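To be precise, the following lines are structure10.pdb, and they hold PDB, C-alpha atoms.
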```pdb
ATOM      1  CA  MET A   1     151.229-131.601  65.373  1.00  0.00           C
ATOM      2  CA  SER A   2     153.928-133.674  67.027  1.00  0.00           C
ATOM      3  CA  HIS A   3     152.363-136.355  69.171  1.00  0.00           C
ATOM      4  CA  ILE A   4     153.961-138.558  71.803  1.00  0.00           C
ATOM      5  CA  PRO A   5     151.890-141.558  72.852  1.00  0.00           C
ATOM      6  CA  PRO A   6     150.751-140.925  76.460  1.00  0.00           C
ATOM      7  CA  HIS A   7     152.275-144.140  77.771  1.00  0.00           C
ATOM      8  CA  HIS A   8     155.750-143.056  76.608  1.00  0.00           C
ATOM      9  CA  ASP A   9     157.151-140.378  78.885  1.00  0.00           C
ATOM     10  CA  PRO A  10     159.978-138.385  77.154  1.00  0.00           C
ATOM     11  CA  ALA A  11     161.901-138.503  80.403  1.00  0.00           C
ATOM     12  CA  CYS A  12     162.040-142.290  80.046  1.00  0.00           C
ATOM     13  CA  TRP A  13     163.214-142.440  76.435  1.00  0.00           C
ATOM     14  CA  GLY A  14     166.027-144.968  76.336  1.00  0.00           C
ATOM     15  CA  CYS A  15     165.402-146.423  79.790  1.00  0.00           C
ATOM     16  CA  GLY A  16     163.814-149.617  81.099  1.00  0.00           C
ATOM     17  CA  ASP A  17     162.326-151.970  78.495  1.00  0.00           C
ATOM     18  CA  MET A  18     162.620-149.292  75.786  1.00  0.00           C
ATOM     19  CA  ALA A  19     166.411-149.627  75.903  1.00  0.00           C
ATOM     20  CA  LYS A  20     165.983-153.110  74.422  1.00  0.00           C
ATOM     21  CA  ALA A  21     163.743-152.062  71.541  1.00  0.00           C
ATOM     22  CA  LYS A  22     164.331-149.459  68.872  1.00  0.00           C
ATOM     23  CA  ARG A  23     162.522-146.197  69.460  1.00  0.00           C
ATOM     24  CA  ALA A  24     160.640-145.245  66.320  1.00  0.00           C
ATOM     25  CA  ALA A  25     159.330-141.869  65.164  1.00  0.00           C
ATOM     26  CA  ILE A  26     156.626-141.733  62.502  1.00  0.00           C
ATOM     27  CA  TYR A  27     156.523-138.923  59.938  1.00  0.00           C
ATOM     28  CA  LEU A  28     153.233-138.394  58.105  1.00  0.00           C
ATOM     29  CA  ARG A  29     152.381-135.941  55.330  1.00  0.00           C
ATOM     30  CA  VAL A  30     149.472-135.221  53.008  1.00  0.00           C
ATOM     31  CA  SER A  31     149.352-132.454  50.425  1.00  0.00           C
ATOM     32  CA  THR A  32     145.784-131.198  50.872  1.00  0.00           C
ATOM     33  CA  ASP A  33     143.467-130.581  53.801  1.00  0.00           C
ATOM     34  CA  ASP A  34     140.849-133.027  52.466  1.00  0.00           C
ATOM     35  CA  GLN A  35     143.336-135.915  52.652  1.00  0.00           C
ATOM     36  CA  THR A  36     144.035-137.886  55.815  1.00  0.00           C
ATOM     37  CA  VAL A  37     147.210-139.269  57.353  1.00  0.00           C
ATOM     38  CA  GLU A  38     145.292-142.074  59.057  1.00  0.00           C
ATOM     39  CA  ASN A  39     146.179-144.750  56.475  1.00  0.00           C
ATOM     40  CA  GLN A  40     149.879-143.878  56.719  1.00  0.00           C
ATOM     41  CA  ARG A  41     149.679-143.933  60.517  1.00  0.00           C
ATOM     42  CA  ARG A  42     147.965-147.315  60.612  1.00  0.00           C
ATOM     43  CA  GLU A  43     150.394-149.026  58.210  1.00  0.00           C
ATOM     44  CA  LEU A  44     153.514-147.578  59.815  1.00  0.00           C
ATOM     45  CA  THR A  45     152.336-148.453  63.315  1.00  0.00           C
ATOM     46  CA  ALA A  46     151.701-152.020  62.180  1.00  0.00           C
ATOM     47  CA  ALA A  47     155.170-152.182  60.601  1.00  0.00           C
ATOM     48  CA  ALA A  48     156.766-150.935  63.819  1.00  0.00           C
ATOM     49  CA  THR A  49     154.860-153.498  65.893  1.00  0.00           C
ATOM     50  CA  ALA A  50     155.887-156.320  63.545  1.00  0.00           C
ATOM     51  CA  ARG A  51     159.549-155.377  64.041  1.00  0.00           C
ATOM     52  CA  GLY A  52     159.322-154.991  67.796  1.00  0.00           C
ATOM     53  CA  TRP A  53     159.901-151.239  67.627  1.00  0.00           C
ATOM     54  CA  THR A  54     158.245-148.823  70.044  1.00  0.00           C
ATOM     55  CA  VAL A  55     156.657-145.702  68.555  1.00  0.00           C
ATOM     56  CA  VAL A  56     157.708-142.828  70.793  1.00  0.00           C
ATOM     57  CA  ALA A  57     156.760-139.846  68.619  1.00  0.00           C
ATOM     58  CA  GLU A  58     154.653-138.813  65.655  1.00  0.00           C
ATOM     59  CA  TYR A  59     155.125-135.829  63.356  1.00  0.00           C
ATOM     60  CA  ALA A  60     152.462-134.839  60.825  1.00  0.00           C
ATOM     61  CA  ASP A  61     152.512-132.102  58.190  1.00  0.00           C
ATOM     62  CA  GLU A  62     148.937-131.966  56.927  1.00  0.00           C
ATOM     63  CA  GLY A  63     147.909-129.964  53.872  1.00  0.00           C
ATOM     64  CA  ILE A  64     151.534-129.244  52.935  1.00  0.00           C
ATOM     65  CA  SER A  65     152.991-130.024  49.512  1.00  0.00           C
ATOM     66  CA  GLY A  66     156.067-132.217  49.219  1.00  0.00           C
ATOM     67  CA  ALA A  67     157.511-129.589  46.883  1.00  0.00           C
ATOM     68  CA  LYS A  68     158.110-127.361  49.905  1.00  0.00           C
ATOM     69  CA  GLY A  69     161.472-127.535  51.599  1.00  0.00           C
ATOM     70  CA  ARG A  70     162.202-128.166  55.241  1.00  0.00           C
ATOM     71  CA  ASP A  71     161.522-124.524  56.140  1.00  0.00           C
ATOM     72  CA  GLY A  72     157.972-124.923  54.815  1.00  0.00           C
ATOM     73  CA  ARG A  73     157.268-128.105  56.768  1.00  0.00           C
ATOM     74  CA  PRO A  74     157.491-127.433  60.509  1.00  0.00           C
ATOM     75  CA  GLN A  75     156.961-131.026  61.593  1.00  0.00           C
ATOM     76  CA  LEU A  76     159.688-132.371  59.290  1.00  0.00           C
ATOM     77  CA  ASP A  77     161.971-129.690  60.685  1.00  0.00           C
ATOM     78  CA  LEU A  78     161.102-130.779  64.237  1.00  0.00           C
ATOM     79  CA  LEU A  79     161.674-134.438  63.388  1.00  0.00           C
ATOM     80  CA  LEU A  80     165.160-133.705  62.043  1.00  0.00           C
ATOM     81  CA  LYS A  81     165.989-131.605  65.096  1.00  0.00           C
ATOM     82  CA  ASP A  82     164.785-134.378  67.406  1.00  0.00           C
ATOM     83  CA  ALA A  83     166.890-136.852  65.419  1.00  0.00           C
ATOM     84  CA  VAL A  84     169.970-134.776  66.231  1.00  0.00           C
ATOM     85  CA  ARG A  85     168.874-134.849  69.885  1.00  0.00           C
ATOM     86  CA  ARG A  86     168.719-138.673  69.601  1.00  0.00           C
ATOM     87  CA  ARG A  87     165.139-138.834  70.799  1.00  0.00           C
ATOM     88  CA  PHE A  88     164.522-141.878  68.614  1.00  0.00           C
ATOM     89  CA  ASP A  89     166.532-144.538  66.787  1.00  0.00           C
ATOM     90  CA  VAL A  90     164.643-144.891  63.517  1.00  0.00           C
ATOM     91  CA  ALA A  91     162.478-142.508  61.464  1.00  0.00           C
ATOM     92  CA  MET A  92     159.589-144.159  59.612  1.00  0.00           C
ATOM     93  CA  VAL A  93     157.840-142.783  56.517  1.00  0.00           C
ATOM     94  CA  TRP A  94     155.171-144.339  54.315  1.00  0.00           C
ATOM     95  CA  ALA A  95     157.019-143.528  51.070  1.00  0.00           C
ATOM     96  CA  VAL A  96     160.059-141.566  49.931  1.00  0.00           C
ATOM     97  CA  ASP A  97     157.918-138.764  48.468  1.00  0.00           C
ATOM     98  CA  ARG A  98     156.531-138.090  51.956  1.00  0.00           C
ATOM     99  CA  LEU A  99     159.993-136.735  52.827  1.00  0.00           C
ATOM    100  CA  GLY A 100     160.237-134.611  49.696  1.00  0.00           C
ATOM    101  CA  ARG A 101     160.027-134.394  45.922  1.00  0.00           C
ATOM    102  CA  SER A 102     163.128-132.282  45.403  1.00  0.00           C
ATOM    103  CA  LEU A 103     166.331-134.319  45.134  1.00  0.00           C
ATOM    104  CA  PRO A 104     168.512-131.769  46.993  1.00  0.00           C
ATOM    105  CA  ASP A 105     165.953-131.476  49.836  1.00  0.00           C
ATOM    106  CA  LEU A 106     165.553-135.255  50.011  1.00  0.00           C
ATOM    107  CA  ILE A 107     169.301-135.886  50.110  1.00  0.00           C
ATOM    108  CA  GLY A 108     169.690-133.164  52.737  1.00  0.00           C
ATOM    109  CA  SER A 109     167.110-134.796  55.024  1.00  0.00           C
ATOM    110  CA  LEU A 110     168.586-138.268  54.561  1.00  0.00           C
ATOM    111  CA  GLN A 111     172.104-137.064  55.242  1.00  0.00           C
ATOM    112  CA  GLU A 112     170.981-135.297  58.408  1.00  0.00           C
ATOM    113  CA  LEU A 113     169.432-138.510  59.702  1.00  0.00           C
ATOM    114  CA  HIS A 114     172.573-140.420  58.748  1.00  0.00           C
ATOM    115  CA  SER A 115     174.817-137.898  60.527  1.00  0.00           C
ATOM    116  CA  ALA A 116     172.652-138.211  63.647  1.00  0.00           C
ATOM    117  CA  LYS A 117     173.041-142.020  63.454  1.00  0.00           C
ATOM    118  CA  VAL A 118     169.281-142.392  63.104  1.00  0.00           C
ATOM    119  CA  ASP A 119     168.040-145.167  60.824  1.00  0.00           C
ATOM    120  CA  LEU A 120     165.355-144.763  58.164  1.00  0.00           C
ATOM    121  CA  PHE A 121     162.442-146.999  57.242  1.00  0.00           C
ATOM    122  CA  MET A 122     160.452-146.418  54.015  1.00  0.00           C
ATOM    123  CA  LEU A 123     157.480-148.743  53.821  1.00  0.00           C
ATOM    124  CA  GLN A 124     156.589-148.521  50.119  1.00  0.00           C
ATOM    125  CA  GLN A 125     160.186-148.762  48.910  1.00  0.00           C
ATOM    126  CA  GLY A 126     161.033-151.584  51.309  1.00  0.00           C
ATOM    127  CA  ILE A 127     164.076-149.683  52.603  1.00  0.00           C
ATOM    128  CA  ASP A 128     165.154-150.391  56.178  1.00  0.00           C
ATOM    129  CA  THR A 129     168.587-149.094  57.158  1.00  0.00           C
ATOM    130  CA  THR A 130     168.546-151.097  60.377  1.00  0.00           C
ATOM    131  CA  THR A 131     169.495-154.036  58.095  1.00  0.00           C
ATOM    132  CA  PRO A 132     172.876-154.524  56.347  1.00  0.00           C
ATOM    133  CA  GLY A 133     171.286-154.063  52.913  1.00  0.00           C
ATOM    134  CA  GLY A 134     169.560-150.871  53.999  1.00  0.00           C
ATOM    135  CA  LYS A 135     172.754-149.440  55.478  1.00  0.00           C
ATOM    136  CA  ALA A 136     174.388-149.734  52.050  1.00  0.00           C
ATOM    137  CA  MET A 137     171.800-147.250  50.791  1.00  0.00           C
ATOM    138  CA  PHE A 138     172.834-144.712  53.416  1.00  0.00           C
ATOM    139  CA  GLN A 139     176.467-145.128  52.398  1.00  0.00           C
ATOM    140  CA  MET A 140     175.489-144.075  48.881  1.00  0.00           C
ATOM    141  CA  LEU A 141     174.089-140.785  50.147  1.00  0.00           C
ATOM    142  CA  GLY A 142     177.536-139.242  50.372  1.00  0.00           C
ATOM    143  CA  VAL A 143     178.150-140.134  46.727  1.00  0.00           C
ATOM    144  CA  PHE A 144     174.862-138.565  45.619  1.00  0.00           C
ATOM    145  CA  GLY A 145     175.493-135.505  47.772  1.00  0.00           C
ATOM    146  CA  GLU A 146     178.958-134.949  46.308  1.00  0.00           C
ATOM    147  CA  PHE A 147     177.584-135.490  42.798  1.00  0.00           C
ATOM    148  CA  GLU A 148     174.848-132.901  43.356  1.00  0.00           C
ATOM    149  CA  ARG A 149     177.315-130.318  44.696  1.00  0.00           C
ATOM    150  CA  ALA A 150     179.732-130.972  41.818  1.00  0.00           C
ATOM    151  CA  MET A 151     176.934-130.518  39.265  1.00  0.00           C
ATOM    152  CA  ILE A 152     175.866-127.219  40.838  1.00  0.00           C
ATOM    153  CA  GLN A 153     179.460-125.934  40.881  1.00  0.00           C
ATOM    154  CA  ALA A 154     179.983-126.984  37.266  1.00  0.00           C
ATOM    155  CA  ARG A 155     176.793-125.190  36.164  1.00  0.00           C
ATOM    156  CA  VAL A 156     177.800-122.021  38.023  1.00  0.00           C
ATOM    157  CA  LYS A 157     181.320-122.025  36.537  1.00  0.00           C
ATOM    158  CA  ALA A 158     179.985-122.685  33.045  1.00  0.00           C
ATOM    159  CA  GLY A 159     177.484-119.857  33.414  1.00  0.00           C
ATOM    160  CA  MET A 160     180.124-117.429  34.670  1.00  0.00           C
ATOM    161  CA  SER A 161     182.518-118.351  31.843  1.00  0.00           C
ATOM    162  CA  ARG A 162     179.794-117.838  29.238  1.00  0.00           C
ATOM    163  CA  THR A 163     178.825-114.511  30.794  1.00  0.00           C
ATOM    164  CA  MET A 164     182.405-113.234  30.836  1.00  0.00           C
ATOM    165  CA  GLU A 165     182.873-114.292  27.198  1.00  0.00           C
ATOM    166  CA  GLU A 166     179.698-112.455  26.197  1.00  0.00           C
ATOM    167  CA  GLN A 167     180.802-109.348  28.080  1.00  0.00           C
ATOM    168  CA  ALA A 168     184.247-109.448  26.460  1.00  0.00           C
ATOM    169  CA  ALA A 169     182.568-109.652  23.046  1.00  0.00           C
ATOM    170  CA  GLY A 170     180.412-106.643  23.899  1.00  0.00           C
ATOM    171  CA  LYS A 171     177.163-108.597  23.841  1.00  0.00           C
ATOM    172  CA  VAL A 172     174.265-107.016  25.706  1.00  0.00           C
ATOM    173  CA  ARG A 173     172.714-109.583  28.055  1.00  0.00           C
ATOM    174  CA  ILE A 174     168.939-109.434  28.505  1.00  0.00           C
ATOM    175  CA  GLY A 175     167.192-111.248  31.375  1.00  0.00           C
ATOM    176  CA  ALA A 176     163.920-113.175  31.291  1.00  0.00           C
ATOM    177  CA  ASP A 177     162.151-110.012  32.489  1.00  0.00           C
ATOM    178  CA  GLY A 178     163.368-108.131  29.398  1.00  0.00           C
ATOM    179  CA  LYS A 179     165.718-105.924  31.424  1.00  0.00           C
ATOM    180  CA  ARG A 180     169.392-105.499  30.745  1.00  0.00           C
ATOM    181  CA  ARG A 181     171.527-107.563  33.126  1.00  0.00           C
ATOM    182  CA  LYS A 182     174.206-105.959  35.249  1.00  0.00           C
ATOM    183  CA  HIS A 183     177.868-106.179  34.331  1.00  0.00           C
ATOM    184  CA  ILE A 184     179.707-108.914  36.237  1.00  0.00           C
ATOM    185  CA  GLY A 185     183.065-108.098  37.747  1.00  0.00           C
ATOM    186  CA  ARG A 186     184.890-104.796  37.989  1.00  0.00           C
ATOM    187  CA  PRO A 187     183.990-102.479  35.072  1.00  0.00           C
ATOM    188  CA  LYS A 188     186.833-102.115  32.558  1.00  0.00           C
ATOM    189  CA  VAL A 189     188.604 -98.762  32.839  1.00  0.00           C
ATOM    190  CA  SER A 190     188.788 -96.400  29.904  1.00  0.00           C
ATOM    191  CA  ALA A 191     191.670 -96.294  27.447  1.00  0.00           C
ATOM    192  CA  ASP A 192     192.714 -92.863  28.807  1.00  0.00           C
ATOM    193  CA  THR A 193     192.877 -94.238  32.354  1.00  0.00           C
ATOM    194  CA  GLU A 194     194.970 -97.202  31.236  1.00  0.00           C
ATOM    195  CA  LYS A 195     197.279 -94.816  29.416  1.00  0.00           C
ATOM    196  CA  ALA A 196     197.663 -92.736  32.589  1.00  0.00           C
ATOM    197  CA  ILE A 197     198.424 -95.866  34.597  1.00  0.00           C
ATOM    198  CA  ARG A 198     201.133 -96.906  32.137  1.00  0.00           C
ATOM    199  CA  ALA A 199     202.696 -93.458  32.261  1.00  0.00           C
ATOM    200  CA  ARG A 200     202.880 -93.470  36.045  1.00  0.00           C
ATOM    201  CA  LEU A 201     204.230 -97.019  36.117  1.00  0.00           C
ATOM    202  CA  ALA A 202     206.937 -95.986  33.675  1.00  0.00           C
ATOM    203  CA  ALA A 203     207.767 -93.067  35.994  1.00  0.00           C
ATOM    204  CA  GLY A 204     208.277 -95.503  38.854  1.00  0.00           C
ATOM    205  CA  VAL A 205     205.190 -94.536  40.869  1.00  0.00           C
ATOM    206  CA  GLY A 206     203.976 -97.258  43.265  1.00  0.00           C
ATOM    207  CA  ILE A 207     200.865 -99.352  42.559  1.00  0.00           C
ATOM    208  CA  LEU A 208     198.866 -98.195  45.600  1.00  0.00           C
ATOM    209  CA  LYS A 209     199.694 -94.532  44.942  1.00  0.00           C
ATOM    210  CA  ILE A 210     198.602 -94.842  41.311  1.00  0.00           C
ATOM    211  CA  ALA A 211     195.356 -96.509  42.358  1.00  0.00           C
ATOM    212  CA  GLY A 212     194.650 -93.703  44.837  1.00  0.00           C
ATOM    213  CA  GLU A 213     195.475 -90.912  42.399  1.00  0.00           C
ATOM    214  CA  LEU A 214     193.366 -92.301  39.552  1.00  0.00           C
ATOM    215  CA  GLY A 215     190.527 -93.768  41.644  1.00  0.00           C
ATOM    216  CA  VAL A 216     190.950 -97.345  40.432  1.00  0.00           C
ATOM    217  CA  GLY A 217     191.533-100.622  42.221  1.00  0.00           C
ATOM    218  CA  SER A 218     195.070-101.853  42.872  1.00  0.00           C
ATOM    219  CA  GLY A 219     194.118-105.016  40.949  1.00  0.00           C
ATOM    220  CA  THR A 220     193.508-102.881  37.851  1.00  0.00           C
ATOM    221  CA  VAL A 221     196.938-101.292  38.165  1.00  0.00           C
ATOM    222  CA  GLN A 222     198.527-104.744  38.611  1.00  0.00           C
ATOM    223  CA  ARG A 223     196.721-106.010  35.492  1.00  0.00           C
ATOM    224  CA  VAL A 224     198.010-103.106  33.415  1.00  0.00           C
ATOM    225  CA  LYS A 225     201.504-103.675  34.801  1.00  0.00           C
ATOM    226  CA  ARG A 226     201.386-107.343  33.779  1.00  0.00           C
ATOM    227  CA  GLU A 227     200.250-106.353  30.272  1.00  0.00           C
ATOM    228  CA  VAL A 228     203.097-103.887  29.953  1.00  0.00           C
ATOM    229  CA  ALA A 229     205.723-106.374  31.150  1.00  0.00           C
TER
END
```

Kindly transcribe the structure held in the file into structure tokens.
Amino acid sequence: MSHIPPHHDPACWGCGDMAKAKRAAIYLRVSTDDQTVENQRRELTAAATARGWTVVAEYADEGISGAKGRDGRPQLDLLLKDAVRRRFDVAMVWAVDRLGRSLPDLIGSLQELHSAKVDLFMLQQGIDTTTPGGKAMFQMLGVFGEFERAMIQARVKAGMSRTMEEQAAGKVRIGADGKRRKHIGRPKVSADTEKAIRARLAAGVGILKIAGELGVGSGTVQRVKREVA
């Protein structure tokens, strides 16, 4: 559950003495119900005190695996939403794997904090983006994010190209479940239909009219026209 220390009224976030100190939010996570977040809480609270930060909120996902994404961790989701609302200045975690074990999920969370102009403190990794050295790490997030997206796009394009080549060669594609995979793209028309298209094109019939008469897409008629030209 999200917890706000009783002596820190949300209505006063950013006012009075708190305007002088960074407002910190602590995120805690353990994977099983028989584990406790108390050690993480104690060490992070001590780290905040040593830096003169004021802990204004605590978010704890208990008994939830780090393999789950943001949608499976309600308190992480709330923390990121509160970051966008600027309810704190720095998010503190005990270790990077508390945020997540999936690289895309981890980068997504870090980029959201960065976009909200909220700093990040990771105790075990010694990362503190309130410092110049730590800020350099955040600047690298865009590079990693672009790299991840480029890799995904490249894999998708390579997979589509391979699939189209296999289809063109007449290879039957079988999925992991043993079932035949569906054809990708518009099914190729029969030789008789292509012949009829050519005949109508030669007679000067328009592309849309041919498509309507023969029940094919206008793109198919255009392809046949290009092949004839």

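Once the PyMOL selection byres ((chain A and resi 196-198) around 8) is applied to the depicted file, the selected set reads A:Asp192, A:Thr193, A:Glu194, A:Lys195, A:Ala199, A:Arg200, A:Leu201, A:Ala202, A:Ile210, A:Leu214, A:Val221, A:Val224, A:Lys225, A:Val228.
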
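Between atom CA of Gly52 of chain A and atom CA of Arg86 of chain A the separation is 18.9 Å.
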
| request: One decimal, Å: what's the distance from atom CA of Ala191 of chain A over to atom CA of Gly204 of chain A, could you say? | output: 20.2 Å

| request: Have a look at atom CA of Leu110 of chain A and atom CA of Arg41 of chain A and let me know their distance in Å, one decimal. | output: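 The value is 20.6 Å.
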
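Listed by chain and then by number, the residues chosen by the PyMOL selection byres ((chain A and resi 47) around 12) in this file are Ala24, Ile26, Gln40, Arg41, Arg42, Glu43, Leu44, Thr45, Ala46, Ala48, Thr49, Ala50, Arg51, Gly52, Trp53, Thr54, Val55, Met92, Val93, Trp94, Phe121, Met122, Leu123, Gln124, Gly126 and Asp128 of chain A.
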
Could you list as a CSV table (one decimal) with C-alpha atoms, in the coordinates of the input every residue that has an atom within 12 Å of (146.2, -130.8, 52.3), using the file's coordinates and counting all atoms listed in the file?
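See part-v5.csv below for the written result:
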```csv
chain,number,residue,atom,x,y,z
A,28,LEU,CA,153.2,-138.4,58.1
A,29,ARG,CA,152.4,-135.9,55.3
A,30,VAL,CA,149.5,-135.2,53.0
A,31,SER,CA,149.4,-132.5,50.4
A,32,THR,CA,145.8,-131.2,50.9
A,33,ASP,CA,143.5,-130.6,53.8
A,34,ASP,CA,140.8,-133.0,52.5
A,35,GLN,CA,143.3,-135.9,52.7
A,36,THR,CA,144.0,-137.9,55.8
A,37,VAL,CA,147.2,-139.3,57.4
A,60,ALA,CA,152.5,-134.8,60.8
A,61,ASP,CA,152.5,-132.1,58.2
A,62,GLU,CA,148.9,-132.0,56.9
A,63,GLY,CA,147.9,-130.0,53.9
A,64,ILE,CA,151.5,-129.2,52.9
A,65,SER,CA,153.0,-130.0,49.5
A,66,GLY,CA,156.1,-132.2,49.2
```

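All residues of protein, DNA or RNA that reach within 8 Å of Val118 of chain A, judged by all atoms listed in the file and not counting those fewer than 2 positions away in the chain, are Ala83, Arg86, Phe88, Asp89, Val90, Ala91, Leu113, His114, Ser115, Ala116 and Leu120 of chain A.
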
| field | Resolved residues for the PyMOL selection byres ((chain A and resi 101) around 12) as a list in words | value |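 Answer for the PyMOL selection byres ((chain A and resi 101) around 12): Ser31, Ser65, Gly66, Ala67, Lys68, Gly69, Arg70, Ala95, Val96, Asp97, Arg98, Leu99, Gly100, Ser102, Leu103, Pro104, Asp105, Leu106, Ile107, Gly108 and Ser109 of chain A.
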
| message | Taking 4 positions as the minimum chain separation for residues in the same chain, which residues sit within 9 Å of Ser218 of chain A when counting all atoms listed in the file? Answer as a ChimeraX atom specification. | response | /A:207-212,222-223

| query | For Val84 of chain A, which residue out of A:Glu38, A:Asp119, A:Glu112, A:Glu227 is the nearest one, using only C-alpha atoms? | reply | A:Glu112

Your completed segment 48-55 of chain A with all heavy atoms, as a tab-separated table (two decimals), keeping the file's coordinate frame:
```
chain	number	residue	atom	x	y	z
A	48	ALA	N	155.94	-151.08	62.62
A	48	ALA	CA	156.77	-150.94	63.82
A	48	ALA	C	156.50	-152.08	64.79
A	48	ALA	O	157.43	-152.68	65.34
A	48	ALA	CB	156.49	-149.59	64.49
A	49	THR	N	155.23	-152.41	64.98
A	49	THR	CA	154.86	-153.50	65.89
A	49	THR	C	155.44	-154.82	65.42
A	49	THR	O	155.96	-155.62	66.21
A	49	THR	CB	153.33	-153.61	65.99
A	49	THR	OG1	152.81	-152.36	66.49
A	49	THR	CG2	152.92	-154.73	66.93
A	50	ALA	N	155.38	-155.06	64.10
A	50	ALA	CA	155.89	-156.32	63.54
A	50	ALA	C	157.39	-156.47	63.76
A	50	ALA	O	157.90	-157.58	63.84
A	50	ALA	CB	155.56	-156.39	62.05
A	51	ARG	N	158.10	-155.33	63.87
A	51	ARG	CA	159.55	-155.38	64.04
A	51	ARG	C	159.97	-155.23	65.50
A	51	ARG	O	161.16	-155.19	65.80
A	51	ARG	CB	160.20	-154.27	63.18
A	51	ARG	CG	160.15	-154.61	61.70
A	51	ARG	CD	160.35	-153.40	60.82
A	51	ARG	NE	160.35	-153.78	59.41
A	51	ARG	CZ	159.25	-154.10	58.73
A	51	ARG	NH1	158.06	-154.07	59.33
A	51	ARG	NH2	159.33	-154.47	57.46
A	52	GLY	N	159.01	-155.12	66.38
A	52	GLY	CA	159.32	-154.99	67.80
A	52	GLY	C	159.80	-153.60	68.18
A	52	GLY	O	160.42	-153.42	69.23
A	53	TRP	N	159.50	-152.60	67.32
A	53	TRP	CA	159.90	-151.24	67.63
A	53	TRP	C	158.81	-150.55	68.43
A	53	TRP	O	157.62	-150.86	68.29
A	53	TRP	CB	160.15	-150.44	66.34
A	53	TRP	CG	161.23	-151.01	65.48
A	53	TRP	CD1	162.17	-151.92	65.82
A	53	TRP	CD2	161.45	-150.69	64.09
A	53	TRP	NE1	162.99	-152.21	64.76
A	53	TRP	CE2	162.57	-151.47	63.68
A	53	TRP	CE3	160.84	-149.86	63.17
A	53	TRP	CZ2	163.07	-151.41	62.39
A	53	TRP	CZ3	161.34	-149.80	61.89
A	53	TRP	CH2	162.44	-150.56	61.49
A	54	THR	N	159.19	-149.58	69.24
A	54	THR	CA	158.24	-148.82	70.04
A	54	THR	C	158.11	-147.42	69.47
A	54	THR	O	159.10	-146.69	69.36
A	54	THR	CB	158.72	-148.73	71.50
A	54	THR	OG1	158.91	-150.04	72.03
A	54	THR	CG2	157.68	-147.99	72.35
A	55	VAL	N	156.90	-147.04	69.10
A	55	VAL	CA	156.66	-145.70	68.56
A	55	VAL	C	156.64	-144.70	69.71
A	55	VAL	O	155.78	-144.77	70.59
A	55	VAL	CB	155.33	-145.65	67.77
A	55	VAL	CG1	155.06	-144.22	67.29
A	55	VAL	CG2	155.36	-146.61	66.60
```
